[in-house]
Amino acid sequence: MKKILVIFGTRPEAIKLAPIIINSRKWKSKIKLKVCITAQHREMLDQVLKFFDIKPDYDLNLMTKNQTLSCFSSRSLIKVSNLLNQLSPDYIMIQGDTTTSFISSLAAFYNKIKIIHIEAGLRTYNKYSPFPEEINRVLISHIADYHFAPTEIAKKNLLKEGINKNVFVVGNTIVDALNMTLDIIKNKGEGKYLNFFNFLNFSKKIILVTAHRRESFGEGISNICEAIKIIATNRNDVEIVYPVHLNPNIRNVVIDELKNFKNVFLIEPLEYSYFIWLMSKSYLILTDSGGVQEEVAALKKPCIIMRELTERIEVVKAGIGKIVGTDVGRIVREVNNLLDSKLSYSNISKIKNPYGDGNSSLLILEKLLN
Ligand code: UDP
């Protein structure tokens with residue numbers, strides 16, 4: 001019997017770990033998997049837990065108002081360490097590159113507990129972009145014992161750093177989560193989604209926006225808002241929907257700048273299945289999010305990446321995503337290009353998803369059981 005403690009703290013980690021947690025129930029006699037949340041982000045994490053019906057065994061409830069990275073890191077290092085001491089799991093499982101993932105790995109290392117890293121090997125090679133995630137994931141890779149890389153590119157990144165033991169390419173579990181969600185939507189019917197989004201005119205082209213990264217605070221988010229204003233003003237064939245992240249550095253600017261446009265809808269962060277449904281109905285996606293770049297690859301939606309660098313280079317290579325940074329002119333130009341060019345849009349629908357078919361969680365569990 002392998003005792004695994006899964007530790008996470010934010011929405012994207014919960015989404016990507018949910019398929020592993022749910023599927024592990026099939027091997028109850030072989031894997032004893034417990035869930036601990038740090039609640040680095042409270043509300044948006046809870047939405048995902050509720051949707052996937054995951055009840056954490058341990059809730060450290062560490063989020064504070066306006067928390068700094070240092071404060072959150074120091075408090076969680078002690079709390080996670082104490083829990084590891086108390087439970088002595090054989091492994092911890094962490095996902096991606098959040099501060100929760102890095103600090104939990106450090107706590108596990110100090111307690112000589114093995115670390116399983118899901119979504120290993122993503123790199124931009126710029127230590128401040130994304131910040132602090134690039135350094136979090138580099139450090140995690142050097143102390144983890146199992147590295148589940150989503151793609152061959154991610155594996156190569158690890159090999160370049162001398163990490164060559166227990167590296168497995170398995171795709172990205174976000175595809176599993178997405179497929180599970182699309183099945184739920186199909187089974188329950190689309191009625192409640194159509195009802196919820198009844199303020200949108202789906203005969204127009206829907207542009208879905210998400211932006212929340214630390215690198216975009218300040219000038220970046222102001223530029224993004226400026227570009228949205230220009231598009232909203234010049235194009236009456238689009239409706240722009242923006243579920244606004246709860247971070248006040250983003251939220252205050254976005255609401256101030258965009259609240260008075262009749263074809264811009266600023267809404268609260270959406271529960272996962274509503275977001276996926278809306279993405280599936282959208283014409284194009286504007287984003288700085290990591291997870292969303294992977295989801296557009298699965299849903300075959302063109303995506304404009306409002307960042308200077310991406311660690312999801314597969315999306316760009318496949319021709320699904322284009323990096324435009326936060327330059328106003330470039331964002332507007334690329335959006336207009338996509339809106340007006342049927343050719344580039346239809347090409348995208350034929351592309352193979354570089355993140356796999358949605359069986360990553362099973363591949364990971366099978367490897368761990370061997
Ligand atoms: N997402 C969501 N509701 C929203 C916006 C995004 O459920 O209103 C999901 C989205 O489907 C993706 C994840 O949140 O799976 C991305 O999270 P985020 O952008 O916060 O983090 P990142 O992926 O950039 O680390």
# chains A, B, ... in the order shown; residues from 1 in each chain; ligands from 1
$ residues_near_ligand --ligand "ligand 1" --cutoff "6 Å" --atoms "only C-alpha atoms and all ligand atoms" --output "compact mmCIF listing (two decimals) with N, CA, C and O atoms, in the first residue's frame"
# COMPACT_ATOMS: atom_id res chain seq x y z
N ARG A 11 -6.57 27.17 -7.89
CA ARG A 11 -7.52 26.62 -8.88
C ARG A 11 -6.86 25.73 -9.93
O ARG A 11 -7.29 24.58 -10.14
N PRO A 12 -5.81 26.22 -10.63
CA PRO A 12 -5.28 25.36 -11.70
C PRO A 12 -4.70 24.04 -11.19
O PRO A 12 -4.84 23.00 -11.86
N PRO A 243 -14.09 37.02 -17.42
CA PRO A 243 -14.24 36.67 -16.01
C PRO A 243 -13.03 37.24 -15.25
O PRO A 243 -11.91 36.82 -15.48
N PRO A 269 -15.17 35.33 -11.64
CA PRO A 269 -14.53 34.09 -12.09
C PRO A 269 -15.58 32.99 -12.19
O PRO A 269 -16.43 32.86 -11.31
N LEU A 270 -15.52 32.24 -13.27
CA LEU A 270 -16.57 31.24 -13.50
C LEU A 270 -16.23 29.91 -12.87
O LEU A 270 -15.06 29.51 -12.85
N GLU A 271 -17.24 29.23 -12.44
CA GLU A 271 -17.06 27.84 -12.02
C GLU A 271 -16.52 27.08 -13.25
O GLU A 271 -16.89 27.40 -14.39
N TYR A 272 -15.65 26.11 -13.02
CA TYR A 272 -14.90 25.48 -14.10
C TYR A 272 -15.76 25.05 -15.30
O TYR A 272 -15.45 25.38 -16.44
N PHE A 275 -16.85 27.89 -17.38
CA PHE A 275 -15.74 28.47 -18.15
C PHE A 275 -15.47 27.61 -19.39
O PHE A 275 -15.31 28.13 -20.51
N ILE A 276 -15.43 26.30 -19.18
CA ILE A 276 -15.17 25.39 -20.31
C ILE A 276 -16.28 25.48 -21.36
O ILE A 276 -16.02 25.52 -22.56
N SER A 289 -3.00 33.11 -19.22
CA SER A 289 -3.04 31.95 -18.32
C SER A 289 -2.30 30.75 -18.92
O SER A 289 -2.33 30.54 -20.13
N GLY A 290 -1.67 29.96 -18.05
CA GLY A 290 -1.00 28.76 -18.51
C GLY A 290 -2.01 27.68 -18.89
O GLY A 290 -2.00 27.16 -20.01
N GLY A 291 -2.90 27.38 -17.95
CA GLY A 291 -3.87 26.30 -18.18
C GLY A 291 -4.76 26.56 -19.38
O GLY A 291 -5.07 25.64 -20.15
N VAL A 292 -5.13 27.80 -19.57
CA VAL A 292 -6.04 28.11 -20.69
C VAL A 292 -5.33 27.82 -22.02
O VAL A 292 -5.95 27.33 -22.97
$ select_by_dssp --residues "range 99-255 of chain A" --states "helix (DSSP H, G or I)" --output "ChimeraX atom specification"
/A:99-110,133-143,152-160,173-188,191-196,214-216,219-234,248-255
$ write_last_selection --atoms "C-alpha atoms" --output "PDB file, in the first residue's frame"
ATOM      1  CA  THR A  99       4.450  28.520  -4.230  1.00  0.00           C
ATOM      2  CA  THR A 100       2.377  25.805  -2.522  1.00  0.00           C
ATOM      3  CA  SER A 101       4.001  23.178  -4.763  1.00  0.00           C
ATOM      4  CA  PHE A 102       7.530  24.431  -4.183  1.00  0.00           C
ATOM      5  CA  ILE A 103       7.196  24.917  -0.433  1.00  0.00           C
ATOM      6  CA  SER A 104       5.501  21.534   0.002  1.00  0.00           C
ATOM      7  CA  SER A 105       8.371  19.915  -1.905  1.00  0.00           C
ATOM      8  CA  LEU A 106      10.876  21.636   0.337  1.00  0.00           C
ATOM      9  CA  ALA A 107       8.999  20.465   3.431  1.00  0.00           C
ATOM     10  CA  ALA A 108       8.925  16.913   2.050  1.00  0.00           C
ATOM     11  CA  PHE A 109      12.636  17.051   1.280  1.00  0.00           C
ATOM     12  CA  TYR A 110      13.429  18.208   4.822  1.00  0.00           C
ATOM     13  CA  GLU A 133       6.673  30.166 -11.122  1.00  0.00           C
ATOM     14  CA  GLU A 134       9.771  29.706 -13.311  1.00  0.00           C
ATOM     15  CA  ILE A 135      12.057  29.402 -10.317  1.00  0.00           C
ATOM     16  CA  ASN A 136       9.510  27.384  -8.333  1.00  0.00           C
ATOM     17  CA  ARG A 137       9.416  24.714 -11.032  1.00  0.00           C
ATOM     18  CA  VAL A 138      13.186  24.643 -11.559  1.00  0.00           C
ATOM     19  CA  LEU A 139      13.735  24.128  -7.828  1.00  0.00           C
ATOM     20  CA  ILE A 140      10.995  21.494  -7.598  1.00  0.00           C
ATOM     21  CA  SER A 141      12.602  19.509 -10.432  1.00  0.00           C
ATOM     22  CA  HIS A 142      15.872  19.345  -8.549  1.00  0.00           C
ATOM     23  CA  ILE A 143      14.341  17.869  -5.419  1.00  0.00           C
ATOM     24  CA  GLU A 152       8.786  15.497 -25.097  1.00  0.00           C
ATOM     25  CA  ILE A 153       9.868  19.158 -25.037  1.00  0.00           C
ATOM     26  CA  ALA A 154       9.337  19.242 -21.262  1.00  0.00           C
ATOM     27  CA  LYS A 155      11.297  15.995 -20.890  1.00  0.00           C
ATOM     28  CA  LYS A 156      14.188  17.426 -22.917  1.00  0.00           C
ATOM     29  CA  ASN A 157      14.239  20.480 -20.654  1.00  0.00           C
ATOM     30  CA  LEU A 158      14.687  18.191 -17.653  1.00  0.00           C
ATOM     31  CA  LEU A 159      17.394  16.134 -19.340  1.00  0.00           C
ATOM     32  CA  LYS A 160      19.313  19.342 -20.135  1.00  0.00           C
ATOM     33  CA  THR A 173      -3.947  15.914 -16.932  1.00  0.00           C
ATOM     34  CA  ILE A 174      -5.779  19.108 -17.869  1.00  0.00           C
ATOM     35  CA  VAL A 175      -7.043  17.227 -20.932  1.00  0.00           C
ATOM     36  CA  ASP A 176      -8.464  14.527 -18.626  1.00  0.00           C
ATOM     37  CA  ALA A 177     -10.184  17.224 -16.545  1.00  0.00           C
ATOM     38  CA  LEU A 178     -11.544  18.881 -19.663  1.00  0.00           C
ATOM     39  CA  ASN A 179     -12.905  15.610 -21.081  1.00  0.00           C
ATOM     40  CA  MET A 180     -14.530  14.717 -17.755  1.00  0.00           C
ATOM     41  CA  THR A 181     -16.144  18.143 -17.712  1.00  0.00           C
ATOM     42  CA  LEU A 182     -17.383  17.979 -21.302  1.00  0.00           C
ATOM     43  CA  ASP A 183     -18.960  14.588 -20.475  1.00  0.00           C
ATOM     44  CA  ILE A 184     -20.721  16.061 -17.444  1.00  0.00           C
ATOM     45  CA  ILE A 185     -21.990  18.978 -19.549  1.00  0.00           C
ATOM     46  CA  LYS A 186     -23.228  16.566 -22.223  1.00  0.00           C
ATOM     47  CA  ASN A 187     -24.983  14.325 -19.708  1.00  0.00           C
ATOM     48  CA  LYS A 188     -26.638  17.109 -17.769  1.00  0.00           C
ATOM     49  CA  GLY A 191     -29.737  24.293 -20.602  1.00  0.00           C
ATOM     50  CA  LYS A 192     -28.276  25.749 -17.412  1.00  0.00           C
ATOM     51  CA  TYR A 193     -25.278  27.146 -19.308  1.00  0.00           C
ATOM     52  CA  LEU A 194     -27.438  28.795 -21.977  1.00  0.00           C
ATOM     53  CA  ASN A 195     -29.541  30.212 -19.206  1.00  0.00           C
ATOM     54  CA  PHE A 196     -26.573  31.519 -17.238  1.00  0.00           C
ATOM     55  CA  ARG A 214       1.976  39.141 -11.839  1.00  0.00           C
ATOM     56  CA  GLU A 215       4.068  40.196 -14.861  1.00  0.00           C
ATOM     57  CA  SER A 216       0.953  41.941 -16.208  1.00  0.00           C
ATOM     58  CA  GLU A 219       1.404  48.690 -17.546  1.00  0.00           C
ATOM     59  CA  GLY A 220       0.601  45.220 -18.911  1.00  0.00           C
ATOM     60  CA  ILE A 221      -2.986  45.101 -17.702  1.00  0.00           C
ATOM     61  CA  SER A 222      -3.569  48.744 -18.697  1.00  0.00           C
ATOM     62  CA  ASN A 223      -2.421  47.897 -22.226  1.00  0.00           C
ATOM     63  CA  ILE A 224      -4.630  44.820 -22.335  1.00  0.00           C
ATOM     64  CA  CYS A 225      -7.627  46.978 -21.324  1.00  0.00           C
ATOM     65  CA  GLU A 226      -6.728  49.577 -23.953  1.00  0.00           C
ATOM     66  CA  ALA A 227      -6.636  46.883 -26.661  1.00  0.00           C
ATOM     67  CA  ILE A 228     -10.013  45.516 -25.517  1.00  0.00           C
ATOM     68  CA  LYS A 229     -11.487  49.029 -25.661  1.00  0.00           C
ATOM     69  CA  ILE A 230     -10.304  49.474 -29.264  1.00  0.00           C
ATOM     70  CA  ILE A 231     -11.677  46.101 -30.323  1.00  0.00           C
ATOM     71  CA  ALA A 232     -14.994  46.700 -28.546  1.00  0.00           C
ATOM     72  CA  THR A 233     -15.367  50.125 -30.139  1.00  0.00           C
ATOM     73  CA  ASN A 234     -14.410  49.147 -33.685  1.00  0.00           C
ATOM     74  CA  PRO A 248      -7.114  43.409  -6.723  1.00  0.00           C
ATOM     75  CA  ASN A 249      -4.070  44.440  -8.840  1.00  0.00           C
ATOM     76  CA  ILE A 250      -5.974  43.194 -11.878  1.00  0.00           C
ATOM     77  CA  ARG A 251      -9.547  43.605 -10.786  1.00  0.00           C
ATOM     78  CA  ASN A 252      -9.482  47.306  -9.906  1.00  0.00           C
ATOM     79  CA  VAL A 253      -7.882  48.324 -13.214  1.00  0.00           C
ATOM     80  CA  VAL A 254     -10.104  46.121 -15.382  1.00  0.00           C
ATOM     81  CA  ILE A 255     -13.331  47.267 -13.774  1.00  0.00           C
TER      82      ILE A 255
END
$ select_by_dssp --residues "range 130-307 of chain A" --states "strand (DSSP E or B)" --output "PyMOL selection string"
chain A and resi 146-149+167-169+205-210+238-243+264-267+284-287+303-305
$ closest_atom_pairs --of "range 150-267 of chain A" --to "range 350-355 of chain A" --cutoff "7 Å" --atoms "only C-alpha atoms" --output "CSV"
residue,atom,partner,partner_atom,distance
A:Pro150,CA,A:Tyr355,CA,6.2
A:Thr151,CA,A:Tyr355,CA,6.6
A:Gly171,CA,A:Tyr355,CA,4.7
A:Asn172,CA,A:Tyr355,CA,5.2
$ closest_residue --among "A:Leu339, A:Ile78, A:Leu62, A:Leu122" --to "Asp97 in chain A" --atoms "only C-alpha atoms"
A:Leu122
$ closest_residue --among "A:Ile118, A:Val209, A:Ile31, A:Ile21" --to "Leu369 in chain A" --atoms "only C-alpha atoms"
A:Ile31
$ residues_around --residues "range 112-115 of chain A" --least-positions-apart "3" --cutoff "7 Å" --atoms "only C-alpha atoms" --output "JSON, numbers by chain"
{"A": [90, 91, 92, 93, 105, 108, 109, 144, 145, 146]}
$ residues_around --residues "Leu17 in chain A" --least-positions-apart "2" --cutoff "12 Å" --atoms "only C-alpha atoms" --output "PyMOL selection string"
chain A and resi 5-15+19-24+33+35-37+45+48-49+52+54+93-96+116-119+172-178+360-362+364-365
$ residues_around --residues "Val296 in chain A" --least-positions-apart "5" --cutoff "9 Å" --atoms "only C-alpha atoms" --output "list of chain:residue names"
A:Met279, A:Ser280, A:Leu284, A:Ile285, A:Gly291, A:Lys301, A:Pro302, A:Cys303, A:Val315, A:Ile320, A:Gly321
$ closest_residue --among "A:Glu190, A:Glu268, A:Asp237, A:Asp59" --to "Lys205 in chain A" --atoms "only C-alpha atoms"
A:Asp237
$ closest_residue --among "A:Leu266, A:Cys71, A:Leu87, A:Leu286" --to "Ile4 in chain A" --atoms "only C-alpha atoms"
A:Leu87
$ atom_distance --atom1 "CA of Leu299 in chain A" --atom2 "CA of Glu314 in chain A"
14.7 Å
$ atom_distance --atom1 "CA of Arg75 in chain A" --atom2 "CA of Lys50 in chain A"
25.7 Å
$ closest_residue --among "A:Gln86, A:Ile304, A:Ser81, A:Pro132" --to "Glu334 in chain A" --atoms "only C-alpha atoms"
A:Ile304
